$ cat coords.pdb   # PDB, C-alpha atoms
MODEL        1
ATOM      1  CA  MET A  70      22.569  -3.776  29.754
ATOM      2  CA  GLY A  71      19.761  -4.213  27.197
ATOM      3  CA  LEU A  72      17.321  -2.157  29.294
ATOM      4  CA  LEU A  73      19.874   0.630  29.738
ATOM      5  CA  LEU A  74      20.601   0.631  25.993
ATOM      6  CA  SER A  75      16.854   0.710  25.194
ATOM      7  CA  ARG A  76      16.349   3.683  27.536
ATOM      8  CA  ASN A  77      19.261   5.534  25.941
ATOM      9  CA  ILE A  78      17.881   4.933  22.444
ATOM     10  CA  ALA A  79      14.390   6.042  23.535
ATOM     11  CA  SER A  80      15.854   9.154  25.144
ATOM     12  CA  PHE A  81      17.823   9.975  21.958
ATOM     13  CA  ILE A  82      14.765   9.507  19.738
ATOM     14  CA  SER A  83      12.490  11.658  21.887
ATOM     15  CA  SER A  84      15.014  14.493  22.164
ATOM     16  CA  SER A  85      16.530  14.419  18.686
ATOM     17  CA  PRO A  86      15.462  17.016  16.090
ATOM     18  CA  LEU A  87      15.714  14.240  13.476
ATOM     19  CA  PHE A  88      12.495  12.708  14.774
ATOM     20  CA  SER A  89       8.993  14.158  14.798
ATOM     21  CA  LYS A  90       6.982  13.850  18.009
ATOM     22  CA  LYS A  91       3.709  14.643  16.213
ATOM     23  CA  ASN A  92       3.972  11.386  14.234
ATOM     24  CA  GLY A  93       4.980   9.092  17.089
ATOM     25  CA  CYS A  94       8.735   9.641  16.677
ATOM     26  CA  ILE A  95       8.817   8.732  13.004
ATOM     27  CA  PRO A  96      11.983  10.057  11.358
ATOM     28  CA  MET A  97      11.101  13.371   9.687
ATOM     29  CA  GLN A  98      12.598  12.198   6.404
ATOM     30  CA  LEU A  99      10.089   9.313   6.382
ATOM     31  CA  GLU A 100       6.943  11.271   7.299
ATOM     32  CA  ASN A 101       5.931  11.793   3.665
ATOM     33  CA  MET A 102       6.906   8.337   2.458
ATOM     34  CA  VAL A 103       4.618   5.364   2.129
ATOM     35  CA  SER A 104       5.350   1.650   1.943
ATOM     36  CA  LEU A 105       5.162   0.534  -1.674
ATOM     37  CA  VAL A 106       3.925  -2.960  -0.785
ATOM     38  CA  SER A 107       0.275  -3.954  -0.289
ATOM     39  CA  ARG A 108      -0.794  -6.727   2.023
ATOM     40  CA  THR A 109      -1.817  -9.775   0.020
ATOM     41  CA  GLY A 110      -3.575 -13.070   0.678
ATOM     42  CA  ARG A 111      -6.621 -13.876   2.736
ATOM     43  CA  HIS A 112      -5.166 -16.023   5.520
ATOM     44  CA  LEU A 113      -5.478 -13.171   8.083
ATOM     45  CA  GLN A 114      -8.824 -11.795   6.918
ATOM     46  CA  ARG A 115     -11.919 -11.712   9.094
ATOM     47  CA  TYR A 116     -15.030 -13.743   8.359
ATOM     48  CA  GLU A 117     -18.278 -13.674  10.295
ATOM     49  CA  LYS A 118     -20.782 -16.476   9.717
ATOM     50  CA  GLY A 119     -19.131 -17.207   6.376
ATOM     51  CA  CYS A 120     -19.164 -13.560   5.219
ATOM     52  CA  ARG A 121     -15.870 -11.922   4.370
ATOM     53  CA  GLN A 122     -15.476  -8.610   6.219
ATOM     54  CA  VAL A 123     -14.565  -5.753   3.854
ATOM     55  CA  VAL A 124     -13.733  -2.165   4.824
ATOM     56  CA  GLY A 125     -13.294   0.949   2.712
ATOM     57  CA  CYS A 126     -13.467   4.714   2.473
ATOM     58  CA  ILE A 127     -15.022   7.503   0.497
ATOM     59  CA  PRO A 128     -12.035   9.860   0.299
ATOM     60  CA  TYR A 129     -13.148  13.467  -0.180
ATOM     61  CA  ARG A 130     -11.862  17.027  -0.270
ATOM     62  CA  TYR A 131     -13.195  20.531  -0.753
ATOM     63  CA  ARG A 132     -12.412  21.976  -4.145
ATOM     64  CA  GLN A 133     -10.237  25.092  -4.120
ATOM     65  CA  THR A 134     -12.446  28.061  -5.013
ATOM     66  CA  GLU A 135     -12.114  31.844  -4.992
ATOM     67  CA  GLN A 136     -14.558  32.120  -2.110
ATOM     68  CA  GLU A 137     -14.250  30.389   1.256
ATOM     69  CA  SER A 138     -17.005  27.782   1.147
ATOM     70  CA  SER A 139     -17.694  24.195   2.079
ATOM     71  CA  SER A 140     -20.970  23.553   0.261
ATOM     72  CA  MET A 141     -21.925  20.215  -1.270
ATOM     73  CA  GLU A 142     -21.030  21.552  -4.736
ATOM     74  CA  ASP A 143     -17.447  22.103  -3.557
ATOM     75  CA  ILE A 144     -16.928  18.462  -2.517
ATOM     76  CA  GLU A 145     -14.938  16.091  -4.714
ATOM     77  CA  VAL A 146     -14.590  12.365  -4.038
ATOM     78  CA  LEU A 147     -11.729  10.117  -5.090
ATOM     79  CA  VAL A 148     -12.552   6.976  -7.057
ATOM     80  CA  ILE A 149     -10.161   4.313  -8.275
ATOM     81  CA  SER A 150     -10.230   1.840 -11.127
ATOM     82  CA  SER A 151     -11.045  -1.780 -10.484
ATOM     83  CA  GLN A 152      -8.174  -4.244 -10.897
ATOM     84  CA  LYS A 153     -10.380  -6.748 -12.703
ATOM     85  CA  GLY A 154     -12.740  -4.615 -14.742
ATOM     86  CA  GLN A 155     -13.250  -1.276 -16.370
ATOM     87  CA  GLY A 156     -15.433   0.216 -13.636
ATOM     88  CA  MET A 157     -14.616   2.715 -10.933
ATOM     89  CA  LEU A 158     -15.138   2.260  -7.216
ATOM     90  CA  PHE A 159     -14.033   3.500  -3.814
ATOM     91  CA  PRO A 160     -10.986   1.942  -2.140
ATOM     92  CA  LYS A 161     -11.840  -1.122  -0.058
ATOM     93  CA  GLY A 162     -10.444  -4.478   0.935
ATOM     94  CA  GLY A 163     -10.335  -7.214   3.529
ATOM     95  CA  TRP A 164     -10.387  -6.400   7.241
ATOM     96  CA  GLU A 165      -7.606  -8.426   8.818
ATOM     97  CA  ARG A 166      -7.574  -9.973  12.294
ATOM     98  CA  ASP A 167      -4.546  -7.985  13.476
ATOM     99  CA  GLU A 168      -6.101  -4.532  12.905
ATOM    100  CA  SER A 169      -9.046  -2.416  14.008
ATOM    101  CA  ILE A 170     -11.825  -1.658  11.559
ATOM    102  CA  GLU A 171     -10.550   1.939  11.337
ATOM    103  CA  GLY A 172      -6.994   0.709  10.774
ATOM    104  CA  ALA A 173      -8.194  -1.510   7.929
ATOM    105  CA  ALA A 174     -10.077   1.386   6.281
ATOM    106  CA  TYR A 175      -7.049   3.649   6.565
ATOM    107  CA  ARG A 176      -4.652   0.963   5.223
ATOM    108  CA  GLU A 177      -6.832  -0.007   2.267
ATOM    109  CA  THR A 178      -7.289   3.624   1.259
ATOM    110  CA  LEU A 179      -3.551   4.261   1.419
ATOM    111  CA  GLU A 180      -2.699   1.067  -0.496
ATOM    112  CA  GLU A 181      -5.281   1.446  -3.266
ATOM    113  CA  ALA A 182      -5.725   5.225  -3.624
ATOM    114  CA  GLY A 183      -2.511   6.670  -2.159
ATOM    115  CA  VAL A 184      -4.206   9.138   0.184
ATOM    116  CA  THR A 185      -4.413   9.665   3.935
ATOM    117  CA  GLY A 186      -6.508  11.934   6.093
ATOM    118  CA  HIS A 187      -9.040  12.212   8.882
ATOM    119  CA  LEU A 188     -11.288   9.161   9.191
ATOM    120  CA  GLU A 189     -14.848  10.083  10.176
ATOM    121  CA  PRO A 190     -17.538   7.888  11.808
ATOM    122  CA  ARG A 191     -18.709   4.851   9.870
ATOM    123  CA  LEU A 192     -21.395   5.372   7.218
ATOM    124  CA  GLY A 193     -22.940   1.922   7.593
ATOM    125  CA  LYS A 194     -22.723  -1.773   6.772
ATOM    126  CA  TRP A 195     -23.885  -3.442   3.562
ATOM    127  CA  ARG A 196     -24.251  -7.133   2.733
ATOM    128  CA  TYR A 197     -23.535  -7.960  -0.896
ATOM    129  CA  LYS A 198     -22.639 -10.901  -3.108
ATOM    130  CA  SER A 199     -19.183 -10.964  -4.693
ATOM    131  CA  LYS A 200     -19.386 -11.017  -8.485
ATOM    132  CA  SER A 201     -16.177 -13.003  -8.911
ATOM    133  CA  GLN A 202     -16.528 -15.559  -6.104
ATOM    134  CA  GLY A 203     -20.272 -15.864  -5.594
ATOM    135  CA  THR A 204     -19.832 -15.535  -1.800
ATOM    136  CA  PHE A 205     -21.367 -12.981   0.519
ATOM    137  CA  HIS A 206     -19.409 -10.083   1.966
ATOM    138  CA  GLU A 207     -20.192  -7.475   4.583
ATOM    139  CA  GLY A 208     -18.873  -4.062   3.579
ATOM    140  CA  TYR A 209     -18.253  -1.167   5.972
ATOM    141  CA  MET A 210     -17.585   2.329   4.624
ATOM    142  CA  PHE A 211     -16.105   5.444   6.230
ATOM    143  CA  PRO A 212     -15.698   8.990   4.915
ATOM    144  CA  MET A 213     -12.109  10.255   4.913
ATOM    145  CA  LEU A 214     -11.310  13.968   4.627
ATOM    146  CA  VAL A 215      -8.058  13.777   2.651
ATOM    147  CA  SER A 216      -5.087  15.715   3.976
ATOM    148  CA  HIS A 217      -2.260  14.148   1.951
ATOM    149  CA  GLN A 218      -2.043  12.643  -1.541
ATOM    150  CA  PHE A 219       1.074  10.614  -2.362
ATOM    151  CA  GLU A 220       2.630  10.518  -5.835
ATOM    152  CA  SER A 221       3.733   6.901  -5.301
ATOM    153  CA  TRP A 222       1.615   4.311  -3.506
ATOM    154  CA  PRO A 223       1.467   0.497  -3.392
ATOM    155  CA  GLU A 224      -1.097  -0.052  -6.181
ATOM    156  CA  LYS A 225      -0.123   2.847  -8.448
ATOM    157  CA  THR A 226       0.820   0.493 -11.298
ATOM    158  CA  VAL A 227      -2.499  -1.400 -11.242
ATOM    159  CA  ARG A 228      -5.016   1.365 -10.500
ATOM    160  CA  LYS A 229      -5.933   4.793 -11.777
ATOM    161  CA  ARG A 230      -7.376   7.392  -9.420
ATOM    162  CA  GLU A 231      -9.603  10.312 -10.289
ATOM    163  CA  TRP A 232     -11.215  13.150  -8.343
ATOM    164  CA  MET A 233     -14.873  13.575  -9.348
ATOM    165  CA  THR A 234     -17.918  15.523  -8.324
ATOM    166  CA  ILE A 235     -20.438  13.552  -6.297
ATOM    167  CA  ALA A 236     -22.764  13.325  -9.311
ATOM    168  CA  GLU A 237     -19.951  11.996 -11.519
ATOM    169  CA  ALA A 238     -18.955   9.425  -8.877
ATOM    170  CA  LYS A 239     -22.541   8.187  -8.512
ATOM    171  CA  GLU A 240     -22.623   7.563 -12.242
ATOM    172  CA  ALA A 241     -19.150   5.990 -12.459
ATOM    173  CA  CYS A 242     -19.232   3.760  -9.372
ATOM    174  CA  GLN A 243     -19.885   0.152 -10.358
ATOM    175  CA  ASN A 244     -21.037  -1.173  -6.947
ATOM    176  CA  TRP A 245     -24.614  -0.546  -5.767
ATOM    177  CA  TRP A 246     -23.644  -0.725  -2.105
ATOM    178  CA  MET A 247     -20.920   1.890  -2.560
ATOM    179  CA  ARG A 248     -23.454   4.188  -4.253
ATOM    180  CA  GLU A 249     -25.689   3.711  -1.208
ATOM    181  CA  ALA A 250     -22.717   4.584   1.048
ATOM    182  CA  LEU A 251     -22.211   7.714  -1.080
ATOM    183  CA  ASP A 252     -25.902   8.590  -0.590
ATOM    184  CA  GLU A 253     -25.412   8.271   3.183
ATOM    185  CA  PHE A 254     -22.309  10.470   2.953
ATOM    186  CA  ILE A 255     -24.360  13.103   1.062
ATOM    187  CA  ARG A 256     -27.143  12.935   3.669
ATOM    188  CA  ARG A 257     -24.631  13.410   6.494
ATOM    189  CA  GLN A 258     -22.863  16.300   4.729
ATOM    190  CA  THR A 259     -26.181  18.006   3.937
ATOM    191  CA  GLN A 260     -27.227  17.791   7.602
ATOM    192  CA  ALA A 261     -23.880  19.237   8.700
ATOM    193  CA  HIS A 262     -24.181  22.160   6.265
ATOM    194  CA  GLU A 263     -27.733  22.939   7.422
ATOM    195  CA  LYS A 264     -26.626  23.424  11.035
TER
ENDMDL
END
$ encode --input "coords.pdb" --output "structure tokens"
Amino acid sequence: MGLLLSRNIASFISSSPLFSKKNGCIPMQLENMVSLVSRTGRHLQRYEKGCRQVVGCIPYRYRQTEQESSSMEDIEVLVISSQKGQGMLFPKGGWERDESIEGAAYRETLEEAGVTGHLEPRLGKWRYKSKSQGTFHEGYMFPMLVSHQFESWPEKTVRKREWMTIAEAKEACQNWWMREALDEFIRRQTQAHEK
């Protein structure tokens, strides 16, 4: 009986106009909604040789201009405020054991910055010392071409977000390793534009 009921429900979902096949049969009314709760705690986070594994993104978009262009000057990146300080940074957080590295980057960016988009190949890995805990972390960064920006997101009440030029972001970003990731992003974008 349970199997028959499950098949009937699956058949209804896949044939119903209320559900969107492009988003894995997510109800259409929920496609543009986001969970308003962030994951918390470190009991599921990954550590390798004592280093906490951290994953994040450099969310970017092409500025709307009169002319069709995708030059470096047209790129804006999204930075967020730090929860603990006054500085700005890119969204990042702990990579948990129940998710892929890409899944962690996507989740952290949605939770902290309220954006989603196309995740591109990893920019690199950086080893750095945490200012607050004095422990070492390994940080992985990905570029994300933003396709959707939510008005409400899990950390909206504790973070500000701001679109900046690359030059502004390099000046505002408080973490050296994130500035290096931004340099790698610039190098990759420059190579792509030269082709």
$ resolve_selection --input "coords.pdb" --expression "the PyMOL selection byres ((chain A and resi 204) around 12)" --output "list in words"
Tyr116, Lys118, Gly119, Cys120, Arg121, Gln122, Arg196, Tyr197, Lys198, Ser199, Lys200, Ser201, Gln202, Gly203, Phe205, His206 and Glu207 of chain A
$ write_last_selection --input "coords.pdb" --atoms "C-alpha atoms" --output "compact mmCIF listing (two decimals), keeping the file's coordinate frame"
# COMPACT_ATOMS: atom_id res chain seq x y z
CA TYR A 116 -15.03 -13.74 8.36
CA LYS A 118 -20.78 -16.48 9.72
CA GLY A 119 -19.13 -17.21 6.38
CA CYS A 120 -19.16 -13.56 5.22
CA ARG A 121 -15.87 -11.92 4.37
CA GLN A 122 -15.48 -8.61 6.22
CA ARG A 196 -24.25 -7.13 2.73
CA TYR A 197 -23.54 -7.96 -0.90
CA LYS A 198 -22.64 -10.90 -3.11
CA SER A 199 -19.18 -10.96 -4.69
CA LYS A 200 -19.39 -11.02 -8.48
CA SER A 201 -16.18 -13.00 -8.91
CA GLN A 202 -16.53 -15.56 -6.10
CA GLY A 203 -20.27 -15.86 -5.59
CA PHE A 205 -21.37 -12.98 0.52
CA HIS A 206 -19.41 -10.08 1.97
CA GLU A 207 -20.19 -7.48 4.58
$ closest_residue --input "coords.pdb" --among "A:Gly162, A:Gly125, A:Lys239, A:Arg130" --to "His217 in chain A" --atoms "all atoms listed in the file"
A:Arg130
$ resolve_selection --input "coords.pdb" --expression "the PyMOL selection byres ((chain A and resi 173-180) around 8)" --output "short mmCIF file (atom, residue, chain, number, x, y, z; two decimals) with C-alpha atoms, in the coordinates of the input"
data_model
loop_
_atom_site.label_atom_id
_atom_site.label_comp_id
_atom_site.auth_asym_id
_atom_site.auth_seq_id
_atom_site.Cartn_x
_atom_site.Cartn_y
_atom_site.Cartn_z
CA LEU A 105 5.16 0.53 -1.67
CA VAL A 106 3.92 -2.96 -0.78
CA SER A 107 0.28 -3.95 -0.29
CA VAL A 124 -13.73 -2.16 4.82
CA GLY A 125 -13.29 0.95 2.71
CA CYS A 126 -13.47 4.71 2.47
CA PRO A 128 -12.04 9.86 0.30
CA PRO A 160 -10.99 1.94 -2.14
CA LYS A 161 -11.84 -1.12 -0.06
CA GLY A 162 -10.44 -4.48 0.94
CA GLY A 163 -10.34 -7.21 3.53
CA TRP A 164 -10.39 -6.40 7.24
CA GLU A 165 -7.61 -8.43 8.82
CA GLU A 168 -6.10 -4.53 12.90
CA SER A 169 -9.05 -2.42 14.01
CA ILE A 170 -11.82 -1.66 11.56
CA GLU A 171 -10.55 1.94 11.34
CA GLY A 172 -6.99 0.71 10.77
CA GLU A 181 -5.28 1.45 -3.27
CA ALA A 182 -5.72 5.22 -3.62
CA GLY A 183 -2.51 6.67 -2.16
CA VAL A 184 -4.21 9.14 0.18
CA THR A 185 -4.41 9.66 3.94
CA LEU A 188 -11.29 9.16 9.19
CA MET A 210 -17.58 2.33 4.62
CA PHE A 211 -16.10 5.44 6.23
CA TRP A 222 1.62 4.31 -3.51
CA PRO A 223 1.47 0.50 -3.39
CA GLU A 224 -1.10 -0.05 -6.18
#
$ resolve_selection --input "coords.pdb" --expression "the PyMOL selection byres ((chain A and resi 257-261) around 12)" --output "list in words"
Tyr129, Tyr131, Ser139, Ser140, Met141, Glu142, Asp143, Ile144, Glu189, Pro190, Arg191, Leu192, Gly193, Phe211, Pro212, Leu214, Ile235, Ala250, Leu251, Asp252, Glu253, Phe254, Ile255, Arg256, His262, Glu263 and Lys264 of chain A
$ closest_residue --input "coords.pdb" --among "A:Arg132, A:Glu237, A:Leu147, A:Gln218" --to "Phe159 in chain A" --atoms "all atoms listed in the file"
A:Leu147
$ residues_around --input "coords.pdb" --residues "Val227 in chain A" --least-positions-apart "6" --cutoff "9 Å" --atoms "all atoms listed in the file" --output "PyMOL selection string"
chain A and resi 150-152+181
$ axis_aligned_box --input "coords.pdb" --around "range 240-246 of chain A" --padding-each-side "4 Å" --output "lines of an AutoDock Vina configuration file"
center_x = -21.9
center_y = 3.2
center_z = -7.3
size_x = 13.5
size_y = 16.7
size_z = 18.4
$ atom_distance --input "coords.pdb" --atom1 "CA of Cys242 in chain A" --atom2 "CA of Gly208 in chain A"
15.1 Å
$ atom_distance --input "coords.pdb" --atom1 "CA of Glu117 in chain A" --atom2 "CA of Gly186 in chain A"
28.5 Å
$ residues_around --input "coords.pdb" --residues "Lys229 in chain A" --least-positions-apart "2" --cutoff "7 Å" --atoms "all atoms listed in the file" --output "PyMOL selection string"
chain A and resi 149-150+225+231
$ atom_distance --input "coords.pdb" --atom1 "CA of Ala241 in chain A" --atom2 "CA of Val146 in chain A"
11.5 Å
